[in-house]
>>> print(open('target_18.txt').read())   # compact mmCIF, C-alpha atoms
# COMPACT_ATOMS: atom_id res chain seq x y z
CA MET O 1 5.67 12.75 -98.86
CA ILE O 2 1.92 13.14 -99.30
CA ARG O 3 -0.71 13.88 -96.68
CA LEU O 4 -3.81 11.69 -96.65
CA THR O 5 -7.05 12.64 -94.93
CA VAL O 6 -9.07 9.59 -93.90
CA LEU O 7 -12.66 10.71 -93.37
CA VAL O 8 -14.82 8.48 -91.14
CA PRO O 9 -18.54 9.38 -90.87
CA ALA O 10 -20.19 7.45 -88.03
CA TYR O 11 -23.76 6.94 -86.87
CA ASN O 12 -24.60 4.41 -84.13
CA GLU O 13 -21.43 2.35 -84.67
CA GLN O 14 -20.56 1.57 -81.06
CA SER O 15 -19.85 -2.07 -81.85
CA THR O 16 -17.19 -1.36 -84.49
CA ILE O 17 -15.86 2.20 -84.23
CA VAL O 18 -12.94 1.51 -81.87
CA ALA O 19 -11.82 -1.64 -83.68
CA LEU O 20 -12.05 0.16 -87.02
CA LEU O 21 -9.99 3.15 -85.87
CA ARG O 22 -7.35 0.85 -84.39
CA LYS O 23 -6.99 -0.74 -87.81
CA VAL O 24 -6.72 2.69 -89.43
CA ARG O 25 -4.02 3.78 -86.98
CA ALA O 26 -2.09 0.57 -87.62
CA GLN O 27 -1.46 1.52 -91.25
CA GLN O 28 2.13 2.68 -91.73
CA ILE O 29 2.76 3.53 -95.38
CA PRO O 30 6.12 4.93 -96.55
CA ASP O 31 5.96 8.54 -97.81
CA VAL O 32 2.41 8.98 -96.47
CA GLU O 33 1.36 11.13 -93.53
CA MET O 34 -2.16 10.35 -92.32
CA GLU O 35 -4.83 12.62 -90.85
CA VAL O 36 -7.89 10.85 -89.40
CA ILE O 37 -11.11 12.85 -89.09
CA VAL O 38 -14.13 11.22 -87.43
CA VAL O 39 -17.56 12.83 -87.78
CA ASP O 40 -20.24 11.60 -85.41
CA ASP O 41 -23.59 12.21 -87.04
CA GLY O 42 -25.68 12.59 -83.89
CA SER O 43 -25.37 8.99 -82.72
CA LYS O 44 -27.90 7.75 -80.15
CA ASP O 45 -25.72 4.96 -78.78
CA ARG O 46 -22.28 5.04 -77.11
CA THR O 47 -20.31 5.98 -80.23
CA VAL O 48 -19.37 9.48 -79.01
CA GLU O 49 -18.57 8.21 -75.53
CA LEU O 50 -16.17 5.64 -76.96
CA LEU O 51 -14.56 8.21 -79.24
CA ARG O 52 -13.98 10.65 -76.39
CA ALA O 53 -12.41 7.84 -74.38
CA ASN O 54 -9.95 7.02 -77.18
CA PRO O 55 -8.58 10.36 -78.49
CA ALA O 56 -5.33 8.78 -79.68
CA LEU O 57 -7.22 6.94 -82.43
CA PHE O 58 -7.99 10.07 -84.46
CA ASP O 59 -6.73 13.59 -85.10
CA LYS O 60 -10.03 15.48 -85.25
CA LEU O 61 -13.50 14.68 -83.91
CA VAL O 62 -16.50 16.55 -85.28
CA GLU O 63 -19.71 16.12 -83.30
CA MET O 64 -22.85 16.96 -85.24
CA PRO O 65 -25.62 18.38 -82.98
CA CYS O 66 -28.22 16.10 -84.57
CA ASN O 67 -28.46 13.40 -87.21
CA GLY O 68 -28.21 15.09 -90.61
CA GLY O 69 -27.42 12.04 -92.73
CA LYS O 70 -24.15 10.73 -94.10
CA GLY O 71 -23.92 13.53 -96.66
CA ALA O 72 -24.02 16.22 -93.97
CA ALA O 73 -21.33 14.36 -92.03
CA VAL O 74 -19.15 14.14 -95.13
CA ARG O 75 -19.51 17.89 -95.74
CA ALA O 76 -18.50 18.64 -92.15
CA GLY O 77 -15.45 16.41 -92.42
CA LEU O 78 -14.33 17.75 -95.80
CA ALA O 79 -14.52 21.30 -94.47
CA ARG O 80 -11.80 20.35 -91.95
CA ALA O 81 -9.63 18.20 -94.21
CA THR O 82 -6.06 19.32 -94.89
CA GLY O 83 -4.65 16.37 -96.82
CA ASP O 84 -3.38 16.31 -100.39
CA TYR O 85 -5.75 13.38 -100.90
CA VAL O 86 -9.03 12.37 -99.28
CA LEU O 87 -10.12 8.78 -98.64
CA PHE O 88 -13.57 7.80 -97.34
CA GLN O 89 -13.79 5.08 -94.69
CA ASP O 90 -17.07 3.68 -93.35
CA ALA O 91 -17.18 3.24 -89.59
CA ASP O 92 -18.18 -0.42 -89.78
CA LEU O 93 -15.78 -3.22 -90.69
CA GLU O 94 -17.02 -3.93 -94.23
CA TYR O 95 -13.90 -2.32 -95.73
CA ASP O 96 -10.42 -3.15 -94.47
CA PRO O 97 -7.85 -0.34 -93.90
CA ALA O 98 -5.18 -2.89 -94.81
CA ASP O 99 -6.08 -1.97 -98.41
CA TYR O 100 -4.82 1.62 -97.97
CA ALA O 101 -1.40 0.74 -99.35
CA ALA O 102 -2.94 -0.62 -102.55
CA LEU O 103 -5.19 2.43 -102.91
CA LEU O 104 -2.28 4.82 -102.46
CA ALA O 105 0.09 2.98 -104.81
CA PRO O 106 -1.24 4.63 -108.03
CA ALA O 107 -1.03 8.06 -106.38
CA LEU O 108 2.55 7.47 -105.26
CA ARG O 109 3.76 5.73 -108.43
CA PHE O 110 1.72 7.36 -111.19
CA ASN O 111 0.54 10.65 -109.65
CA ALA O 112 -3.07 9.48 -109.97
CA ASP O 113 -5.82 12.00 -109.28
CA VAL O 114 -8.56 9.45 -108.51
CA VAL O 115 -8.34 5.85 -107.27
CA ILE O 116 -11.35 3.60 -106.68
CA GLY O 117 -11.25 0.40 -104.66
CA SER O 118 -13.12 -2.26 -106.63
CA ARG O 119 -14.73 -5.38 -105.19
CA MET O 120 -15.12 -6.77 -108.71
CA ILE O 121 -11.57 -7.18 -110.00
CA GLY O 122 -9.78 -10.09 -108.38
CA ALA O 123 -10.15 -9.31 -104.70
CA PRO O 124 -8.40 -11.91 -102.49
CA TRP O 125 -11.78 -12.55 -100.81
CA THR O 126 -15.26 -11.04 -100.79
CA ARG O 127 -18.17 -11.98 -98.56
CA VAL O 128 -21.19 -13.15 -100.55
CA TYR O 129 -23.92 -10.54 -100.20
CA TYR O 130 -27.26 -9.47 -101.66
CA PHE O 131 -27.90 -10.35 -105.32
CA TRP O 132 -29.95 -7.24 -106.10
CA HIS O 133 -27.36 -4.97 -104.49
CA LYS O 134 -24.75 -6.30 -106.89
CA GLN O 135 -27.07 -5.97 -109.88
CA GLY O 136 -27.92 -2.41 -108.87
CA ASN O 137 -24.26 -1.55 -108.49
CA GLN O 138 -23.48 -2.96 -111.92
CA LEU O 139 -26.32 -0.94 -113.46
CA LEU O 140 -25.04 2.25 -111.81
CA THR O 141 -21.50 1.49 -112.91
CA PHE O 142 -22.63 0.88 -116.49
CA GLY O 143 -24.56 4.16 -116.54
CA PHE O 144 -21.62 6.11 -115.12
CA ASN O 145 -19.15 4.60 -117.58
CA LEU O 146 -21.49 5.28 -120.49
CA LEU O 147 -22.00 8.93 -119.58
CA PHE O 148 -18.45 9.75 -118.47
CA ASN O 149 -16.54 7.53 -120.94
CA THR O 150 -14.73 5.52 -118.26
CA THR O 151 -14.17 1.81 -117.56
CA PHE O 152 -14.66 1.49 -113.81
CA THR O 153 -15.99 -1.81 -112.48
CA ASP O 154 -17.42 -0.72 -109.10
CA ILE O 155 -18.40 2.92 -108.67
CA TYR O 156 -20.51 2.53 -105.54
CA THR O 157 -17.75 1.35 -103.28
CA CYS O 158 -16.84 3.19 -100.09
CA TYR O 159 -13.17 3.41 -101.04
CA LEU O 160 -12.89 6.52 -103.18
CA LEU O 161 -9.54 8.31 -102.97
CA TYR O 162 -9.14 11.62 -104.79
CA ARG O 163 -6.90 14.67 -104.92
CA ARG O 164 -8.51 17.19 -102.56
CA SER O 165 -7.88 20.13 -104.89
CA LEU O 166 -10.34 18.61 -107.39
CA LEU O 167 -13.35 19.44 -105.21
CA ASP O 168 -14.50 22.45 -103.22
CA VAL O 169 -16.84 21.25 -100.47
CA ASP O 170 -19.03 24.34 -101.02
CA GLU O 171 -19.87 23.00 -104.50
CA LEU O 172 -21.73 20.01 -103.13
CA GLU O 173 -25.48 20.17 -103.55
CA SER O 174 -26.66 16.86 -102.04
CA ASN O 175 -26.77 15.31 -98.59
CA GLY O 176 -28.31 11.90 -99.29
CA TRP O 177 -26.87 8.63 -100.55
CA GLU O 178 -26.48 10.25 -103.96
CA GLN O 179 -23.75 12.54 -102.62
CA HIS O 180 -21.13 9.86 -103.25
CA ALA O 181 -22.14 9.90 -106.92
CA GLU O 182 -21.98 13.70 -107.02
CA ILE O 183 -18.45 13.70 -105.61
CA LEU O 184 -17.35 10.97 -108.02
CA CYS O 185 -18.86 12.77 -111.03
CA ARG O 186 -17.16 16.03 -110.15
CA VAL O 187 -13.67 14.65 -109.43
CA VAL O 188 -13.57 12.22 -112.36
CA ALA O 189 -14.61 14.99 -114.76
CA ARG O 190 -11.66 17.09 -113.57
CA ALA O 191 -9.09 14.33 -113.16
CA ARG O 192 -6.39 13.50 -115.69
CA VAL O 193 -5.30 10.13 -114.31
CA CYS O 194 -7.74 7.60 -112.79
CA TYR O 195 -7.06 4.09 -111.49
CA GLU O 196 -8.89 1.33 -109.66
CA VAL O 197 -7.43 -1.44 -107.50
CA PRO O 198 -8.88 -4.66 -106.04
CA ILE O 199 -10.02 -4.53 -102.41
CA THR O 200 -11.52 -7.02 -99.98
CA TYR O 201 -15.10 -6.71 -98.74
CA ALA O 202 -16.96 -8.10 -95.74
CA GLY O 203 -20.46 -6.77 -96.35
CA ARG O 204 -22.94 -6.66 -93.50
CA THR O 205 -26.50 -7.94 -93.53
CA TYR O 206 -29.42 -5.71 -92.59
CA ASP O 207 -29.60 -7.48 -89.24
CA GLU O 208 -25.96 -6.54 -88.67
CA GLY O 209 -26.64 -2.87 -89.34
CA LYS O 210 -26.44 -2.31 -93.09
CA LYS O 211 -28.25 0.94 -93.92
CA ILE O 212 -28.40 1.37 -97.70
CA ARG O 213 -31.53 0.11 -99.47
CA ALA O 214 -32.33 -0.78 -103.09
CA HIS O 215 -34.45 2.32 -103.65
CA HIS O 216 -31.42 4.56 -103.01
CA ALA O 217 -30.14 3.51 -106.46
CA LEU O 218 -32.79 5.72 -108.07
CA SER O 219 -31.48 8.94 -106.58
CA VAL O 220 -27.91 7.86 -107.33
CA MET O 221 -28.63 7.32 -111.02
CA ALA O 222 -30.57 10.59 -111.17
CA MET O 223 -27.52 12.39 -109.78
CA ILE O 224 -25.19 10.78 -112.33
CA VAL O 225 -27.43 11.87 -115.20
CA LYS O 226 -27.85 15.35 -113.71
CA ARG O 227 -24.11 15.89 -113.33
CA ARG O 228 -23.45 14.74 -116.90
CA LEU O 229 -26.07 17.12 -118.33
CA THR O 230 -24.82 19.94 -116.11
CA ARG O 231 -21.26 19.37 -117.28
CA ARG O 232 -22.38 19.48 -120.91
CA ARG O 233 -24.24 22.77 -120.30
CA GLU O 234 -21.24 24.28 -118.52
CA ARG O 235 -18.98 23.39 -121.44
CA ALA O 236 -21.43 24.95 -123.88
CA GLU O 237 -21.58 28.12 -121.80
CA ASP O 238 -17.78 28.28 -121.72
CA ARG O 239 -17.62 27.97 -125.51
CA ASN O 240 -20.32 30.59 -126.01
CA GLY O 241 -18.54 32.89 -123.59
CA ALA O 242 -15.32 32.55 -125.55
CA LEU O 243 -17.10 33.28 -128.84
CA SER O 244 -18.88 36.30 -127.39
CA ARG O 245 -15.67 38.09 -126.40
CA PRO O 246 -15.08 41.40 -128.23
CA VAL O 247 -13.63 40.97 -131.71
CA GLU O 248 -10.58 43.01 -130.73
CA ALA O 249 -9.80 40.65 -127.84
CA ARG O 250 -10.21 37.56 -130.00
CA SER O 251 -8.10 39.13 -132.76
CA ALA O 252 -5.41 40.02 -130.24
CA GLY O 253 -5.41 36.45 -128.99
CA THR O 254 -5.21 35.12 -132.54
CA THR O 255 -2.39 37.52 -133.41
CA LYS O 256 -0.51 36.54 -130.27
CA SER O 257 -0.91 32.85 -131.09
CA ALA O 258 0.26 33.48 -134.64
CA GLU O 259 3.30 35.40 -133.41
CA GLN O 260 4.12 32.56 -131.02
CA HIS O 261 3.79 30.07 -133.85
CA VAL O 262 6.08 32.10 -136.11
CA ALA O 263 8.59 32.53 -133.31
CA SER O 264 8.46 28.81 -132.63
CA ASN O 265 8.99 27.98 -136.30
CA GLY O 266 11.86 30.44 -136.40
CA ALA O 267 13.47 28.81 -133.42
CA HIS O 268 13.15 25.39 -135.07
CA ALA O 269 14.62 26.79 -138.28
CA ASP O 270 17.60 28.26 -136.40
CA THR O 271 18.14 24.92 -134.70
CA ASP O 272 17.98 23.06 -138.02
CA GLN O 273 20.42 25.52 -139.60
CA ARG O 274 22.87 25.13 -136.71
CA ALA O 275 22.59 21.37 -137.01
CA GLU O 276 23.30 21.49 -140.77
CA THR O 277 26.29 23.81 -140.20
CA SER O 278 27.62 21.49 -137.53
CA ASN O 279 27.18 18.45 -139.77
CA GLY O 280 28.84 20.26 -142.65
>>> encode(input="target_18.txt", output="structure tokens")
Amino acid sequence: MIRLTVLVPAYNEQSTIVALLRKVRAQQIPDVEMEVIVVDDGSKDRTVELLRANPALFDKLVEMPCNGGKGAAVRAGLARATGDYVLFQDADLEYDPADYAALLAPALRFNADVVIGSRMIGAPWTRVYYFWHKQGNQLLTFGFNLLFNTTFTDIYTCYLLYRRSLLDVDELESNGWEQHAEILCRVVARARVCYEVPITYAGRTYDEGKKIRAHHALSVMAMIVKRRLTRRRERAEDRNGALSRPVEARSAGTTKSAEQHVASNGAHADTDQRAETSNG
């Protein structure tokens, strides 16, 4: 049994929030216990009113005193998460909770640390959306794969599922649209097993309430590059720290390793001798 935290940031989503949460609650996945956390980011419409009127649709409601942006809402939600895994869910209906089972399959079957829902690998259906959004996403995905040596096909999708222990919310430095990239960079760098699965997508138009704009791609790419350079510097500092340890400590470590190696070889030799005696 694993515990999944579904984190739903919401801002002015009165037309979709109840329908979305009903779909989330409808998901019954064997061996998965679900915790639903909704964070209202200072909505000006009836979003909070509707949430208060439907408490059975979520486990925790966090009400931000004012609009701080999606990143601030995500931080607030992560601070209250208790699941083994975290999954982000937008409050609109672009992404379908019916895909939860597919997203969780690699975690349940292969003990995956990170799973991304991709709109680019054989989804049953995908609404046709903005050309330049897709080109921007592909450019970001190419840059991420190049810098982190991965083969993802769709990094800027909402559906990112990761093992919660891979990220401390206090580490996060960003609050804008680039925060998603920061989280992805940090968890992928620490993960051992990553997967992606096809998901459906019903993208909204700007008239329907879509919020992200093309210029946000600049800050996202800047964050990807920053995290890669920071990771390289941190590794270098770790190596320099190891080399700067007192000679006695390093010698002791070397001696201990040598003793372990000799002991291991001796154990193998004893095993081989017993095997030869038995065969004889």
>>> closest_atom_pairs(input="target_18.txt", of="region 56-135 of chain O", to="region 14-32 of chain O", cutoff="6 Å", atoms="all atoms listed in the file", output="tab-separated table")
residue	atom	partner	partner_atom	distance
O:Leu57	CA	O:Leu21	CA	5.8
O:Ala91	CA	O:Ile17	CA	5.6
O:Asp92	CA	O:Thr16	CA	5.5
O:Pro97	CA	O:Val24	CA	5.5
>>> atom_distance(input="target_18.txt", atom1="CA of Trp132 (chain O)", atom2="CA of Gly176 (chain O)")
20.4 Å
>>> residues_around(input="target_18.txt", residues="Val38 (chain O)", least_positions_apart="2", cutoff="7 Å", atoms="all atoms listed in the file", output="number ranges by chain")
O: 7-9, 36, 40, 58, 60-62
>>> write_last_selection(input="target_18.txt", atoms="C-alpha atoms", output="PDB file, in the frame of the given file")
ATOM      1  CA  LEU O   7     -12.660  10.710 -93.370  1.00  0.00           C
ATOM      2  CA  VAL O   8     -14.820   8.480 -91.140  1.00  0.00           C
ATOM      3  CA  PRO O   9     -18.540   9.380 -90.870  1.00  0.00           C
ATOM      4  CA  VAL O  36      -7.890  10.850 -89.400  1.00  0.00           C
ATOM      5  CA  ASP O  40     -20.240  11.600 -85.410  1.00  0.00           C
ATOM      6  CA  PHE O  58      -7.990  10.070 -84.460  1.00  0.00           C
ATOM      7  CA  LYS O  60     -10.030  15.480 -85.250  1.00  0.00           C
ATOM      8  CA  LEU O  61     -13.500  14.680 -83.910  1.00  0.00           C
ATOM      9  CA  VAL O  62     -16.500  16.550 -85.280  1.00  0.00           C
TER      10      VAL O  62
END
>>> residues_near_point(input="target_18.txt", point="(-27.5, 8.8, -110.1)", cutoff="12 Å", atoms="only C-alpha atoms", output="ChimeraX atom specification")
/O:136-137,139-145,147,155-156,174,176-185,215-229
>>> closest_residue(input="target_18.txt", among="O:Gly117, O:Asn240, O:Arg186, O:Val39", to="Val169 (chain O)", atoms="all atoms listed in the file")
O:Arg186
>>> closest_residue(input="target_18.txt", among="O:Thr47, O:Gln89, O:Thr126, O:Gln135", to="Leu161 (chain O)", atoms="all atoms listed in the file")
O:Gln89
>>> atom_distance(input="target_18.txt", atom1="CA of Gly122 (chain O)", atom2="CA of Val197 (chain O)")
9.0 Å
>>> atom_distance(input="target_18.txt", atom1="CA of Arg80 (chain O)", atom2="CA of Met1 (chain O)")
20.3 Å
>>> closest_residue(input="target_18.txt", among="O:Val86, O:Arg233, O:Pro106, O:Val187", to="Leu172 (chain O)", atoms="only C-alpha atoms")
O:Val187
>>> closest_residue(input="target_18.txt", among="O:Asp113, O:Glu35, O:Arg127, O:Asp90", to="Ala191 (chain O)", atoms="all atoms listed in the file")
O:Asp113
>>> residues_near_point(input="target_18.txt", point="(-10.9, 11.9, -98.9)", cutoff="7 Å", atoms="all atoms listed in the file", output="JSON, numbers by chain")
{"O": [5, 6, 7, 85, 86, 87, 88, 161, 162, 164]}
>>> write_last_selection(input="target_18.txt", atoms="C-alpha atoms", output="PDB file, in the frame of the given file")
ATOM      1  CA  THR O   5      -7.050  12.640 -94.930  1.00  0.00           C
ATOM      2  CA  VAL O   6      -9.070   9.590 -93.900  1.00  0.00           C
ATOM      3  CA  LEU O   7     -12.660  10.710 -93.370  1.00  0.00           C
ATOM      4  CA  TYR O  85      -5.750  13.380-100.900  1.00  0.00           C
ATOM      5  CA  VAL O  86      -9.030  12.370 -99.280  1.00  0.00           C
ATOM      6  CA  LEU O  87     -10.120   8.780 -98.640  1.00  0.00           C
ATOM      7  CA  PHE O  88     -13.570   7.800 -97.340  1.00  0.00           C
ATOM      8  CA  LEU O 161      -9.540   8.310-102.970  1.00  0.00           C
ATOM      9  CA  TYR O 162      -9.140  11.620-104.790  1.00  0.00           C
ATOM     10  CA  ARG O 164      -8.510  17.190-102.560  1.00  0.00           C
TER      11      ARG O 164
END
>>> closest_residue(input="target_18.txt", among="O:Tyr11, O:Pro65, O:Gly203, O:Leu104", to="Glu33 (chain O)", atoms="all atoms listed in the file")
O:Leu104
>>> closest_residue(input="target_18.txt", among="O:Leu166, O:Ala10, O:Val188, O:Ala107", to="Glu63 (chain O)", atoms="all atoms listed in the file")
O:Ala10
